[in-house]
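Encoded as structure tokens, the structure appears first; notes follow it.
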Amino acid sequence: MDTILTAHGISKLFPGVKALDSVDFDLRAGEVHILVGENGAGKSTLSKCLLGAYIPEEGEIVFQGETMHFQSARDALEKGIAAVYQEFTLVPYLNVAQNIFLNREYKTKLGLTDHKRMEQEARALLKTLNCDYINVTQMVKKLSVAQQQMVEIAKALSFRPRVIIFDEPTATLSEREICSLFEQIHKLKAAGIGIVYVSHRMQEFARIGDRITILRDGKKIATVGIYEKTSEQLVNMMVGRDISQVYHRSENQRGGIALKTTALCDKAGRVKNVNIHVRHGEIVGVAGLVGAGRTELAKLIFGIDPIASGTLEIDGKQLTGKHTPLRMVKYNVGMVCEDRKRQGLALKDSIAWNIMAVSLRRYFPRQFINHKKMYGICGEYRKKFRIASPDIYRPCRLLSGGNQQKVVLAKWLSNNPEIIIFDEPTRGIDVGAKMEIYALMDQLAVEGKAILMISSELPEVIGMSDRIYVMYNGSIVNECVRGSGDFNAEAIGAMMLGIKEGSCCEC
Amino acid sequence: MNYIAKQIRGSRSFFCLAGLMTLLILSSIASPDFRTLDNMITILRQASTLLILSTGLTAVIITGGMDLSVGATSAFIGCVCAQFLKIGVPVAAILPIGLLIGAAVGALNGFLVSVVGLPAFVATYATNWVVKGMSIIVMNGAVIFGLPEGFTWFGTGYIGYIPVISVIALIVVVIAYFLLQKTTWGRDIYAYGSNAEAARYSAVNVYKTVFGAFMLCSMSAAVGGLLMTARLNAAEAAMGDAYGLQTVAAVVVGGTSMLGGEGGVSGTVIGAILLTVIVNIMNLLGIPSSAQPMVVGGVIITMVLVDSASRRRDETVSKKSRNLLKTPQKGEVV
């Protein structure tokens, strides 16, 4: 097999973090090359450098024997490197055909858009993907997530690429949809197209991969054949240390029930009849796939979304009346939310103001701010949380992901909550910062705080939780207690997929 | 000290201040009439009304909102209060009446924007017409002249060399500065403007924040409207028209971002003075009034361009932060 794409010594800098540190990578025609690593290891960054979305500071990219200097993703696309991103790039209010040929529409002789021809070609493309059930004149907004995924792939194929990069394509798909995606990938492979597959789902590797490149903290650790390493060996290479050291739990004393929900439902039907409870001094995990309703549950508890039915009790007292974040904070509840850039931080504001965003009203109940006192408090939190920044006056957007997350944590913990909801607390941050956050959660549990942790990373949920609720399709389907027989990745993983035993298909 | 220097250099109004200084120096060279004490006091007096009207607007724009009704509100309150004065209401009662009406208009804007959820642009543009219509009804098409001297003194009087109106402008600015910088409500305004969703997640009382900003805006418009009436010694329905967008220009030239979350009243002070100085020097140099609006437009574009260029600069990785990468900062002590 010929090598069609090679990258030598790629380095990429972001403010405050070296995302890639002279990484080498090569891709052969007709192979699936998996890029693996923890969140923040540099997988997505490397794939974006390969397809021109990022311009690396150092290194060169050779494609079909030619050195490339991509200035944009468009450049790479025209040369034959296409991508299917984790986040969709489709325009929801255009139809399938219009999306596939967006910005390069066929024209009639009069210079008008040739809808007929676009629809024909789109239909042909979808047929090669066995997706002719998708109506090309349907508005994309009305398609299911999996169908949108297929449209994305069709769009990538319409450029007749030699290389396709898939960035975590299965994150939002169900098992059946994953199977049909893998079938398509096998077909593309057989057609001699080189495929870069970014993922951190171990169970998928053997089903589609040929070689694996492991990244950690922006450095390449190794490139190995798919059968050369066991999955434990791969995990160790990814994490760089023994799992038991990463997830350290101290002895903790369980107290009374801090948070309890009874038959909780939301209005959109994404949370159904949820009964959970969290004790003081306990870390309770919520596992489930993306779209299982975990974040919706957290938002419901914290008063972001309105409760349709069911009750919520805090320290035994049932909550009545208005249910808003403002009120929950008064009840000593805090929530570290999923998307720190959108919901967690005011990126333009300084580190100090972000740290104080919640607790300002507690420190200055008369509403007059004493700036000296405030900056003093923030300085202490910067030290305590080891936020890597020369001062606390600079805007949060200049910080790396891990440090931004620490600011979010400082924001909530400075308000001294008794119940804390962590929604994806370590998404997109480096291993060092991750371990600090785990240590912090452990310490909070020892102090008797009640912690509800939502995460899509199974090792993290299993490593940190005392108890795990498994959520599937809006409902809690199981509860696993640490030490019991089903408290392991295989069992919980199967419950998350909504299946009892084994897998639904063999690809 | 180092901190203060950093704050000034890093602040959004730095370029505006530099622009104003340059303008003052160039004008002083260009025209001997410009650099007289009399002219400086004239500028101060002329800038005061604009400044008062723009000060409250600054708070609204920091929330990421907009208030296009400032000019109409100020005229409306001026008209109503002139009518009250005519029927013999004492001067001392006029300020509370004006502020009350201002608070009501602000509450209407706040209600339309934060409770009903209309875009601020549309909501306040509509309010602009409603309020303007009410002024026309109140005035019945006429112009009121000859207000009591106790009232007009606020617009035309002097304390020493300083116009009374400028002293009042200073008081309004100081109050607004204090509210925005030193209270938790002021911080909520910045937090909400910077990221409304994050503010909600951080348990900021959104209604209190937005209502407060609009009410502050309309109340400062009330003060401005009263002073405008006092200075003209007359009131008519159309007297606030020119201020509708000029106030927005003063705020934006002063470095407050239309996207919200950045800026402040100190910038607006500079912005209002800058806009006044431009018109003043053009008059002194004998530039025909027909050509003046174009120049003003050009200056606004230049100021906003320079400002956004300076913002883009610190988006990219600076040399400093590259060096940061080489020496790990972890565990470093304050």
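Chain identifiers are assigned as A, B, and so on, following the order in which chains appear in the structure tokens; residues are numbered from 1 within each chain, and ligands are numbered from 1 in order of appearance.
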
- request: With a distance threshold of 6 Å and counting only C-alpha atoms, extract the residues of chain A near chain B and express them as a list in words.
  value: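 Putting it all together, I get Pro15, Pro325, Leu326, Gln343, Gly344, Leu345, Ala346, Val358, Gln367, Phe368, Ile369, Arg386 and Ala388 of chain A.
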
With N, CA and C atoms kept, could you save the residues just selected as a short mmCIF file (atom, residue, chain, number, x, y, z; two decimals), in the first residue's frame?
data_model
loop_
_atom_site.label_atom_id
_atom_site.label_comp_id
_atom_site.auth_asym_id
_atom_site.auth_seq_id
_atom_site.Cartn_x
_atom_site.Cartn_y
_atom_site.Cartn_z
N PRO A 15 -2.89 29.81 22.76
CA PRO A 15 -2.53 30.62 23.93
C PRO A 15 -2.46 29.76 25.19
N PRO A 325 -31.87 28.92 38.95
CA PRO A 325 -30.50 28.80 39.45
C PRO A 325 -30.27 29.70 40.66
N LEU A 326 -30.85 30.88 40.62
CA LEU A 326 -30.70 31.83 41.71
C LEU A 326 -31.13 31.20 43.03
N GLN A 343 -21.50 28.34 28.80
CA GLN A 343 -22.31 28.47 30.01
C GLN A 343 -21.50 28.73 31.26
N GLY A 344 -20.21 28.49 31.18
CA GLY A 344 -19.43 28.56 32.41
C GLY A 344 -18.72 29.88 32.63
N LEU A 345 -18.24 30.49 31.54
CA LEU A 345 -17.36 31.64 31.71
C LEU A 345 -17.84 32.83 30.89
N ALA A 346 -17.53 34.02 31.40
CA ALA A 346 -17.61 35.22 30.58
C ALA A 346 -16.19 35.43 30.07
N VAL A 358 -20.32 34.12 41.12
CA VAL A 358 -21.41 33.62 41.96
C VAL A 358 -21.29 34.16 43.38
N GLN A 367 -24.06 44.70 48.72
CA GLN A 367 -23.99 45.05 47.31
C GLN A 367 -22.88 46.03 46.95
N PHE A 368 -22.09 46.49 47.94
CA PHE A 368 -20.97 47.37 47.60
C PHE A 368 -19.69 46.56 47.60
N ILE A 369 -18.98 46.63 46.49
CA ILE A 369 -17.80 45.79 46.34
C ILE A 369 -16.56 46.50 46.88
N ARG A 386 -4.13 26.58 41.59
CA ARG A 386 -2.97 26.59 40.70
C ARG A 386 -3.36 26.95 39.26
N ALA A 388 -2.71 28.63 36.08
CA ALA A 388 -1.47 29.08 35.49
C ALA A 388 -1.67 30.37 34.69
#

field: Per-residue DSSP, region 121-343 of chain A, filtered to strand (DSSP E), as a PyMOL selection string
entry: chain A and resi 163-167+194-198+211-216+219-225+257-266+274-279+283-287+307-314+317-318+333-336

- request: Compile the contact shell of Leu444 (chain A) as a ChimeraX atom specification: residues with an atom at most 12 Å away, counting only C-alpha atoms, same-chain residues fewer than 3 positions apart removed.
  value: /A:249-253,280-283,409,413,416-420,437-441,447-452

task: Write out as an MDAnalysis selection string each polymer residue whose atoms come within 10 Å of Gly255 (chain B), counting only C-alpha atoms; drop sequence neighbours fewer than 5 positions from it.
output: chainID B and resid 11:17 250 262:268 270:271 303:304 307:308

field: Test item: residues at most 7 Å from region 71-76 of chain B, only C-alpha atoms, excluding those fewer than 3 positions along its chain, as a ChimeraX atom specification
entry: /B:79-80,128,131-132,135,218,221-222,224-225,237-241,243-244

May I have the selected residues written with N, CA and C atoms, as a short mmCIF file (atom, residue, chain, number, x, y, z; two decimals), in the first residue's frame?
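Output saved as selection-v3.cif:
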data_model
loop_
_atom_site.label_atom_id
_atom_site.label_comp_id
_atom_site.auth_asym_id
_atom_site.auth_seq_id
_atom_site.Cartn_x
_atom_site.Cartn_y
_atom_site.Cartn_z
N CYS B 79 -40.78 68.19 27.98
CA CYS B 79 -42.08 68.77 27.64
C CYS B 79 -43.06 68.68 28.80
N VAL B 80 -43.16 67.46 29.39
CA VAL B 80 -44.10 67.27 30.49
C VAL B 80 -43.76 68.22 31.64
N ASN B 128 -39.42 54.61 21.19
CA ASN B 128 -39.03 55.92 20.67
C ASN B 128 -40.23 56.62 20.04
N VAL B 131 -43.14 57.33 22.71
CA VAL B 131 -42.82 58.44 23.58
C VAL B 131 -42.88 59.75 22.81
N LYS B 132 -42.39 59.70 21.58
CA LYS B 132 -42.41 60.90 20.76
C LYS B 132 -43.85 61.35 20.50
N SER B 135 -45.17 63.13 23.46
CA SER B 135 -44.71 64.51 23.57
C SER B 135 -45.54 65.43 22.69
N SER B 218 -32.98 55.53 31.13
CA SER B 218 -34.06 56.49 30.94
C SER B 218 -34.05 57.57 32.02
N ALA B 221 -31.63 59.98 30.94
CA ALA B 221 -32.26 60.74 29.86
C ALA B 221 -33.19 61.81 30.44
N ALA B 222 -33.85 61.48 31.57
CA ALA B 222 -34.73 62.45 32.23
C ALA B 222 -33.94 63.66 32.69
N GLY B 224 -31.09 64.67 31.56
CA GLY B 224 -30.65 65.37 30.36
C GLY B 224 -31.77 66.20 29.75
N GLY B 225 -32.97 65.64 29.71
CA GLY B 225 -34.12 66.34 29.13
C GLY B 225 -34.46 67.60 29.90
N ALA B 237 -41.59 69.34 21.17
CA ALA B 237 -41.60 67.88 21.05
C ALA B 237 -40.37 67.33 20.33
N ALA B 238 -39.80 68.11 19.39
CA ALA B 238 -38.73 67.58 18.55
C ALA B 238 -37.33 67.85 19.11
N MET B 239 -37.24 68.40 20.33
CA MET B 239 -35.91 68.87 20.74
C MET B 239 -34.90 67.76 21.02
N GLY B 240 -35.35 66.52 21.22
CA GLY B 240 -34.39 65.45 21.51
C GLY B 240 -33.95 64.69 20.28
N ASP B 241 -34.53 65.02 19.12
CA ASP B 241 -34.32 64.20 17.92
C ASP B 241 -32.85 63.98 17.58
N TYR B 243 -30.36 63.80 19.39
CA TYR B 243 -29.58 63.00 20.33
C TYR B 243 -29.78 61.50 20.19
N GLY B 244 -30.83 61.09 19.48
CA GLY B 244 -31.16 59.67 19.40
C GLY B 244 -29.96 58.79 19.08
#

Rows by chain and residue number, region 160-183 of chain A within 10 Å of region 59-78 of chain A, shortest pair, only C-alpha atoms, as CSV:
residue,atom,partner,partner_atom,distance
A:Arg160,CA,A:Glu78,CA,9.2
A:Pro161,CA,A:Leu77,CA,7.4
A:Arg162,CA,A:Gln64,CA,9.2
A:Val163,CA,A:Leu77,CA,9.4
A:Ile164,CA,A:Leu77,CA,9.6

task: Taking the DSSP assignment computed from this structure's backbone, write out as a PyMOL selection string all residues of region 18-159 of chain B that belong to alpha helix (DSSP H).
output: chain B and resi 18-30+37-62+70-86+91-110+120-139+149-156

- prompt: Counting only C-alpha atoms, what is within 8 Å of region 210-223 of chain A, bar same-chain residues fewer than 5 positions away, as a PyMOL selection string?
  reply: chain A and resi 18-25+31-38+40-43+234+237-240+430-431

Do a neighbour search on region 392-403 of chain A at 8 Å with only C-alpha atoms, toss out local chain neighbours closer than 5 positions, and write the hits as a compact mmCIF listing (two decimals) with N, CA, C and O atoms, in the first residue's frame.
# COMPACT_ATOMS: atom_id res chain seq x y z
N PHE A 14 -1.37 27.07 20.98
CA PHE A 14 -2.54 27.88 21.34
C PHE A 14 -2.14 28.72 22.52
O PHE A 14 -1.19 28.38 23.22
N PRO A 15 -2.89 29.81 22.76
CA PRO A 15 -2.53 30.62 23.93
C PRO A 15 -2.46 29.76 25.19
O PRO A 15 -3.42 29.11 25.56
N GLY A 16 -1.27 29.70 25.78
CA GLY A 16 -1.13 29.00 27.05
C GLY A 16 -0.92 27.50 26.96
O GLY A 16 -0.75 26.84 27.97
N VAL A 17 -0.91 26.92 25.75
CA VAL A 17 -0.72 25.48 25.68
C VAL A 17 -0.10 25.08 24.35
O VAL A 17 -0.39 25.69 23.31
N LEU A 345 -18.24 30.49 31.54
CA LEU A 345 -17.36 31.64 31.71
C LEU A 345 -17.84 32.83 30.89
O LEU A 345 -18.42 32.67 29.83
N ALA A 346 -17.53 34.02 31.40
CA ALA A 346 -17.61 35.22 30.58
C ALA A 346 -16.19 35.43 30.07
O ALA A 346 -15.33 35.93 30.77
N LEU A 347 -15.93 34.98 28.83
CA LEU A 347 -14.55 34.90 28.34
C LEU A 347 -13.86 36.26 28.26
O LEU A 347 -12.65 36.37 28.37
N LYS A 348 -14.65 37.33 28.06
CA LYS A 348 -14.05 38.65 27.94
C LYS A 348 -13.62 39.18 29.31
O LYS A 348 -12.77 40.03 29.40
N ASP A 349 -14.30 38.71 30.34
CA ASP A 349 -14.03 39.22 31.68
C ASP A 349 -12.76 38.61 32.25
O ASP A 349 -12.31 37.56 31.82
N SER A 350 -12.22 39.29 33.25
CA SER A 350 -10.97 38.84 33.85
C SER A 350 -11.20 37.57 34.67
O SER A 350 -12.33 37.20 34.99
N ILE A 351 -10.09 36.92 34.97
CA ILE A 351 -10.14 35.72 35.80
C ILE A 351 -10.83 36.06 37.12
O ILE A 351 -11.69 35.33 37.60
N ALA A 352 -10.45 37.21 37.69
CA ALA A 352 -10.99 37.58 38.99
C ALA A 352 -12.51 37.70 38.96
O ALA A 352 -13.21 37.11 39.79
N ASN A 354 -14.58 36.39 36.94
CA ASN A 354 -15.20 35.09 36.73
C ASN A 354 -15.22 34.27 38.01
O ASN A 354 -16.20 33.60 38.31
N TYR A 375 -9.97 41.27 45.20
CA TYR A 375 -8.78 40.76 44.51
C TYR A 375 -7.95 39.88 45.43
O TYR A 375 -7.30 38.93 44.97
N CYS A 378 -9.58 36.49 45.29
CA CYS A 378 -9.31 35.84 44.01
C CYS A 378 -7.87 35.34 43.93
O CYS A 378 -7.60 34.27 43.39
N GLY A 379 -6.96 36.14 44.47
CA GLY A 379 -5.55 35.74 44.48
C GLY A 379 -5.38 34.42 45.22
O GLY A 379 -4.66 33.52 44.77
N ARG A 382 -6.62 31.61 43.08
CA ARG A 382 -5.68 31.33 41.99
C ARG A 382 -4.57 30.41 42.49
O ARG A 382 -4.16 29.47 41.83
N ILE A 387 -4.04 28.07 39.13
CA ILE A 387 -4.42 28.56 37.81
C ILE A 387 -3.18 29.20 37.19
O ILE A 387 -2.63 30.16 37.73
N THR A 426 -14.11 17.21 33.04
CA THR A 426 -12.74 17.17 32.49
C THR A 426 -12.73 17.18 30.97
O THR A 426 -11.74 16.81 30.35
N GLY A 428 -12.01 18.05 27.38
CA GLY A 428 -11.08 18.89 26.64
C GLY A 428 -9.95 19.50 27.45
O GLY A 428 -9.44 20.56 27.11
N ILE A 429 -9.53 18.84 28.53
CA ILE A 429 -8.41 19.41 29.28
C ILE A 429 -7.31 18.36 29.42
O ILE A 429 -7.55 17.18 29.25
N ASP A 430 -6.10 18.82 29.71
CA ASP A 430 -4.97 17.89 29.71
C ASP A 430 -4.95 17.02 30.97
O ASP A 430 -5.64 17.28 31.94
N ALA A 433 -4.21 18.58 34.53
CA ALA A 433 -5.33 19.33 35.11
C ALA A 433 -6.45 18.38 35.52
O ALA A 433 -7.10 18.57 36.53
N LYS A 434 -6.62 17.32 34.72
CA LYS A 434 -7.63 16.32 35.05
C LYS A 434 -7.38 15.74 36.43
O LYS A 434 -8.29 15.64 37.25

field: Length of the CA of Glu177 (chain A) to CA of Val140 (chain A) vector [Å]
entry: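 Separation of CA of Glu177 (chain A) and CA of Val140 (chain A): 17.5 Å.
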
- line: What separates CA of Leu23 (chain B) and CA of Ser290 (chain B) is a distance of 21.1 Å
